[in-house]
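Working notes, structure below.
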Amino acid sequence: MSTALPLSQFHADPAKCTACGQCVLDCPAHIIHVVGGVATVKPEDDVECIGCQHCLAICPYAAVSVVGKNPEDSQPTGKCDPKMLDSLIRSRRSVRQFTPGVVDSALLHHVLETVSHAPTGVNMRDLRFTVVHSPTVMDALRDRLCETLIAKAATFPPEDAWLVDMAKLWVDEEVDAIFRTAPHLLVVTAGPAQVCKVADCVIALSYFDLYAQANGIGTTWCGMMEGILRGLPESRAWLDIPDDHEIGYAMLFGPEGVRYPRAAQHDLATVHFVEKL
């Protein structure tokens, strides 16, 4: 993923551009202008491009290419069924029961590729998806993590002592309170170039959460792993997470082992409309 803002490489095909001005109005950086009847970015403004591709996406005539991307290679947009999306959001549950086996590699790569399109601050793309896909590696991580937590129990602050208790459940009773027997783990981290570091990680995981469940993959947010990664530096090294990356959050996933026939009933969140200042 990109770690620096790209030069625009903006080009509008004179044979297709009608100077309609839609790309001009939609450019967040305000660097596109119509010159001589064709949309143009001045060389001195080029460095202001954030690579969002709004200009490519909005052009009704597929005249604009930018940051090395051509409109012919883009997927057409379509209207999402609001009722289906409403149902997915309302019925989405944290899945802590998984069937034996693994998530198909091709399906997982498709989900991650789709999630890579999630929005980010200033369109920065310096996110890293660290995935434990092998159940054997997951088992080794579970054992090493719990053994290390117990070994370092004396150094933990009182407020984190419960993590040691969770580790002891696995070592003493084989009750997996941390990973819930999930065969896979996903950790999203943000590199130094990312502007909205934690927020962008959580946004990406939220997209993964919904799209994975739409594909029959069970997911659950793993706050314990997020806390362990922050408090146990060696656990970062085990997962090859770069030192200059900030931890966003962690998610467990795997073939869902439970189906919920109905959605839960939550009360409406507190909503306040500001009527005047």
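Labeling convention for the structure tokens: chains A, B, ... as they appear, residues from 1 per chain, ligands from 1 in order of appearance.
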
Item to complete: Can you check which residues of stretch 63-256 of chain A DSSP gives as alpha helix (DSSP H) on the backbone and send them as a PyMOL selection string?
Response: chain A and resi 82-91+105-115+135-151+161-173+197-214+223-231+233-238

How close does stretch 45-153 of chain A get to stretch 233-236 of chain A? List, as CSV, each residue of stretch 45-153 of chain A within 12 Å, its nearest atom pair and the distance in Å to one decimal, counting only C-alpha atoms.
residue,atom,partner,partner_atom,distance
A:Thr130,CA,A:Arg236,CA,10.4
A:Leu141,CA,A:Ser235,CA,8.8
A:Arg142,CA,A:Ser235,CA,10.8
A:Arg144,CA,A:Ser235,CA,9.1
A:Leu145,CA,A:Ser235,CA,7.4
A:Cys146,CA,A:Ser235,CA,10.9
A:Glu147,CA,A:Ser235,CA,11.9
A:Thr148,CA,A:Ser235,CA,9.3
A:Leu149,CA,A:Ser235,CA,10.3
A:Lys152,CA,A:Glu234,CA,11.9

C-alpha atoms of the current selection, written as an mmCIF file, in the first residue's frame:
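Output (selection.cif):
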data_model
loop_
_atom_site.group_PDB
_atom_site.id
_atom_site.type_symbol
_atom_site.label_atom_id
_atom_site.label_comp_id
_atom_site.auth_asym_id
_atom_site.auth_seq_id
_atom_site.Cartn_x
_atom_site.Cartn_y
_atom_site.Cartn_z
ATOM 1 C CA THR A 130 -1.530 -8.968 9.626
ATOM 2 C CA LEU A 141 0.423 -18.275 19.244
ATOM 3 C CA ARG A 142 -2.221 -19.241 21.802
ATOM 4 C CA ARG A 144 3.113 -18.985 23.666
ATOM 5 C CA LEU A 145 0.945 -16.019 24.566
ATOM 6 C CA CYS A 146 -0.677 -17.685 27.565
ATOM 7 C CA GLU A 147 2.611 -19.091 28.850
ATOM 8 C CA THR A 148 4.256 -15.664 28.541
ATOM 9 C CA LEU A 149 1.406 -13.894 30.299
ATOM 10 C CA LYS A 152 5.252 -12.249 33.523
#

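Using only C-alpha atoms, the contacts of A:Val202 at a cut-off of 10 Å, with sequence neighbours closer than 5 positions omitted, comprise A:Val188, A:Thr189, A:Lys197, A:Tyr207, A:Phe208, A:Gly248, A:Tyr249, A:Ala250.
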
Export of the given selection (N, CA, C and O atoms) as a PDB file, in the first residue's frame:
ATOM      1  N   VAL A 188      -5.029  -5.091  12.395  1.00  0.00           N
ATOM      2  CA  VAL A 188      -4.798  -3.977  11.474  1.00  0.00           C
ATOM      3  C   VAL A 188      -3.961  -2.923  12.204  1.00  0.00           C
ATOM      4  O   VAL A 188      -4.308  -2.502  13.313  1.00  0.00           O
ATOM      5  N   THR A 189      -2.853  -2.539  11.571  1.00  0.00           N
ATOM      6  CA  THR A 189      -1.966  -1.533  12.153  1.00  0.00           C
ATOM      7  C   THR A 189      -1.752  -0.403  11.149  1.00  0.00           C
ATOM      8  O   THR A 189      -1.973  -0.567   9.950  1.00  0.00           O
ATOM      9  N   LYS A 197      -4.624   7.328  12.373  1.00  0.00           N
ATOM     10  CA  LYS A 197      -4.102   5.982  12.559  1.00  0.00           C
ATOM     11  C   LYS A 197      -5.130   4.996  13.127  1.00  0.00           C
ATOM     12  O   LYS A 197      -5.518   4.027  12.472  1.00  0.00           O
ATOM     13  N   TYR A 207     -15.448  -2.686   8.164  1.00  0.00           N
ATOM     14  CA  TYR A 207     -15.805  -3.158   6.837  1.00  0.00           C
ATOM     15  C   TYR A 207     -15.558  -4.664   6.728  1.00  0.00           C
ATOM     16  O   TYR A 207     -16.372  -5.417   6.168  1.00  0.00           O
ATOM     17  N   PHE A 208     -14.421  -5.121   7.262  1.00  0.00           N
ATOM     18  CA  PHE A 208     -14.123  -6.554   7.247  1.00  0.00           C
ATOM     19  C   PHE A 208     -15.197  -7.327   8.009  1.00  0.00           C
ATOM     20  O   PHE A 208     -15.673  -8.373   7.549  1.00  0.00           O
ATOM     21  N   GLY A 248      -4.000  -0.829  15.791  1.00  0.00           N
ATOM     22  CA  GLY A 248      -5.376  -0.358  15.677  1.00  0.00           C
ATOM     23  C   GLY A 248      -6.283  -1.214  16.520  1.00  0.00           C
ATOM     24  O   GLY A 248      -6.705  -0.838  17.607  1.00  0.00           O
ATOM     25  N   TYR A 249      -6.563  -2.418  16.027  1.00  0.00           N
ATOM     26  CA  TYR A 249      -7.399  -3.350  16.792  1.00  0.00           C
ATOM     27  C   TYR A 249      -7.231  -4.736  16.199  1.00  0.00           C
ATOM     28  O   TYR A 249      -6.571  -4.908  15.163  1.00  0.00           O
ATOM     29  N   ALA A 250      -7.795  -5.740  16.873  1.00  0.00           N
ATOM     30  CA  ALA A 250      -7.667  -7.127  16.441  1.00  0.00           C
ATOM     31  C   ALA A 250      -9.045  -7.753  16.292  1.00  0.00           C
ATOM     32  O   ALA A 250     -10.000  -7.359  16.972  1.00  0.00           O
TER      33      ALA A 250
END

Item to complete: Give the answer as one residue: which of A:Pro71, A:Val187, A:Leu268, A:Ala39 has the shortest atom-to-atom distance to A:Gly227, using only C-alpha atoms?
Response: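 Using only C-alpha atoms, the shortest distance to A:Gly227 belongs to A:Val187.
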
Item to complete: Find the residues near stretch 22-33 of chain A: any atom within 12 Å, counting only C-alpha atoms, skip ones fewer than 4 places away on the same chain, and give them as a PyMOL selection string.
Response: chain A and resi 8+10-12+17-18+37-66+122-123

Let me see the file: selected residues, N, CA and C atoms, as a tab-separated table (two decimals), in the first residue's frame.
chain	number	residue	atom	x	y	z
A	8	SER	N	-0.44	13.18	-9.21
A	8	SER	CA	-1.73	12.83	-9.79
A	8	SER	C	-1.65	12.07	-11.11
A	10	PHE	N	-2.65	13.15	-13.63
A	10	PHE	CA	-4.00	13.43	-14.14
A	10	PHE	C	-3.98	13.62	-15.66
A	11	HIS	N	-4.92	12.95	-16.31
A	11	HIS	CA	-5.06	13.13	-17.75
A	11	HIS	C	-6.52	12.99	-18.13
A	12	ALA	N	-7.02	13.96	-18.86
A	12	ALA	CA	-8.37	13.89	-19.41
A	12	ALA	C	-8.26	13.74	-20.93
A	17	CYS	N	-13.53	14.16	-23.09
A	17	CYS	CA	-13.87	15.21	-22.12
A	17	CYS	C	-14.79	16.24	-22.74
A	18	THR	N	-15.89	16.53	-22.07
A	18	THR	CA	-16.85	17.54	-22.54
A	18	THR	C	-16.78	18.82	-21.74
A	37	GLY	N	-11.11	23.95	-22.87
A	37	GLY	CA	-12.18	22.97	-23.08
A	37	GLY	C	-11.89	21.58	-22.58
A	38	VAL	N	-10.78	21.41	-21.82
A	38	VAL	CA	-10.41	20.09	-21.30
A	38	VAL	C	-10.02	20.20	-19.83
A	39	ALA	N	-10.47	19.26	-19.01
A	39	ALA	CA	-10.09	19.25	-17.59
A	39	ALA	C	-8.58	19.06	-17.47
A	40	THR	N	-7.97	19.87	-16.59
A	40	THR	CA	-6.50	19.90	-16.49
A	40	THR	C	-6.07	20.14	-15.05
A	41	VAL	N	-4.92	19.58	-14.70
A	41	VAL	CA	-4.26	19.91	-13.43
A	41	VAL	C	-2.94	20.58	-13.77
A	42	LYS	N	-2.74	21.78	-13.25
A	42	LYS	CA	-1.50	22.50	-13.51
A	42	LYS	C	-0.33	21.79	-12.82
A	43	PRO	N	0.84	21.79	-13.44
A	43	PRO	CA	2.01	21.10	-12.86
A	43	PRO	C	2.32	21.55	-11.44
A	44	GLU	N	2.15	22.84	-11.18
A	44	GLU	CA	2.48	23.34	-9.84
A	44	GLU	C	1.47	22.88	-8.78
A	45	ASP	N	0.29	22.42	-9.21
A	45	ASP	CA	-0.73	21.95	-8.28
A	45	ASP	C	-0.71	20.43	-8.10
A	46	ASP	N	0.07	19.75	-8.91
A	46	ASP	CA	0.02	18.30	-8.96
A	46	ASP	C	0.30	17.64	-7.61
A	47	VAL	N	1.21	18.22	-6.84
A	47	VAL	CA	1.60	17.61	-5.57
A	47	VAL	C	0.48	17.66	-4.53
A	48	GLU	N	-0.57	18.45	-4.80
A	48	GLU	CA	-1.68	18.54	-3.86
A	48	GLU	C	-2.66	17.39	-3.99
A	49	CYS	N	-2.52	16.58	-5.04
A	49	CYS	CA	-3.43	15.45	-5.26
A	49	CYS	C	-3.28	14.44	-4.12
A	50	ILE	N	-4.42	13.96	-3.58
A	50	ILE	CA	-4.37	12.96	-2.52
A	50	ILE	C	-4.68	11.56	-3.05
A	51	GLY	N	-4.84	11.44	-4.35
A	51	GLY	CA	-5.05	10.12	-4.95
A	51	GLY	C	-6.38	9.48	-4.64
A	52	CYS	N	-7.40	10.27	-4.34
A	52	CYS	CA	-8.70	9.71	-3.96
A	52	CYS	C	-9.48	9.13	-5.15
A	53	GLN	N	-9.12	9.54	-6.36
A	53	GLN	CA	-9.74	9.08	-7.60
A	53	GLN	C	-11.21	9.52	-7.76
A	54	HIS	N	-11.60	10.56	-7.03
A	54	HIS	CA	-12.96	11.08	-7.22
A	54	HIS	C	-13.17	11.51	-8.67
A	55	CYS	N	-12.15	12.11	-9.27
A	55	CYS	CA	-12.28	12.59	-10.64
A	55	CYS	C	-12.51	11.44	-11.61
A	56	LEU	N	-11.79	10.35	-11.41
A	56	LEU	CA	-11.96	9.17	-12.25
A	56	LEU	C	-13.35	8.58	-12.07
A	57	ALA	N	-13.81	8.53	-10.81
A	57	ALA	CA	-15.07	7.88	-10.50
A	57	ALA	C	-16.28	8.68	-10.98
A	58	ILE	N	-16.19	10.00	-10.95
A	58	ILE	CA	-17.36	10.81	-11.24
A	58	ILE	C	-17.54	11.13	-12.72
A	59	CYS	N	-16.47	11.00	-13.51
A	59	CYS	CA	-16.57	11.38	-14.93
A	59	CYS	C	-17.57	10.49	-15.66
A	60	PRO	N	-18.66	11.06	-16.20
A	60	PRO	CA	-19.68	10.24	-16.87
A	60	PRO	C	-19.22	9.69	-18.21
A	61	TYR	N	-18.10	10.18	-18.72
A	61	TYR	CA	-17.65	9.79	-20.06
A	61	TYR	C	-16.37	8.95	-20.03
A	62	ALA	N	-15.95	8.54	-18.82
A	62	ALA	CA	-14.72	7.74	-18.67
A	62	ALA	C	-13.54	8.41	-19.36
A	63	ALA	N	-13.45	9.72	-19.19
A	63	ALA	CA	-12.39	10.47	-19.86
A	63	ALA	C	-11.15	10.65	-18.99
A	64	VAL	N	-11.29	10.46	-17.68
A	64	VAL	CA	-10.21	10.81	-16.76
A	64	VAL	C	-9.45	9.58	-16.27
A	65	SER	N	-8.13	9.66	-16.36
A	65	SER	CA	-7.25	8.71	-15.69
A	65	SER	C	-6.41	9.49	-14.70
A	66	VAL	N	-6.05	8.83	-13.58
A	66	VAL	CA	-5.33	9.53	-12.52
A	66	VAL	C	-4.54	8.50	-11.71
A	122	VAL	N	-7.53	11.48	4.57
A	122	VAL	CA	-6.67	12.05	3.54
A	122	VAL	C	-6.29	10.99	2.49
A	123	ASN	N	-7.08	9.92	2.42
A	123	ASN	CA	-6.85	8.84	1.47
A	123	ASN	C	-5.48	8.19	1.62
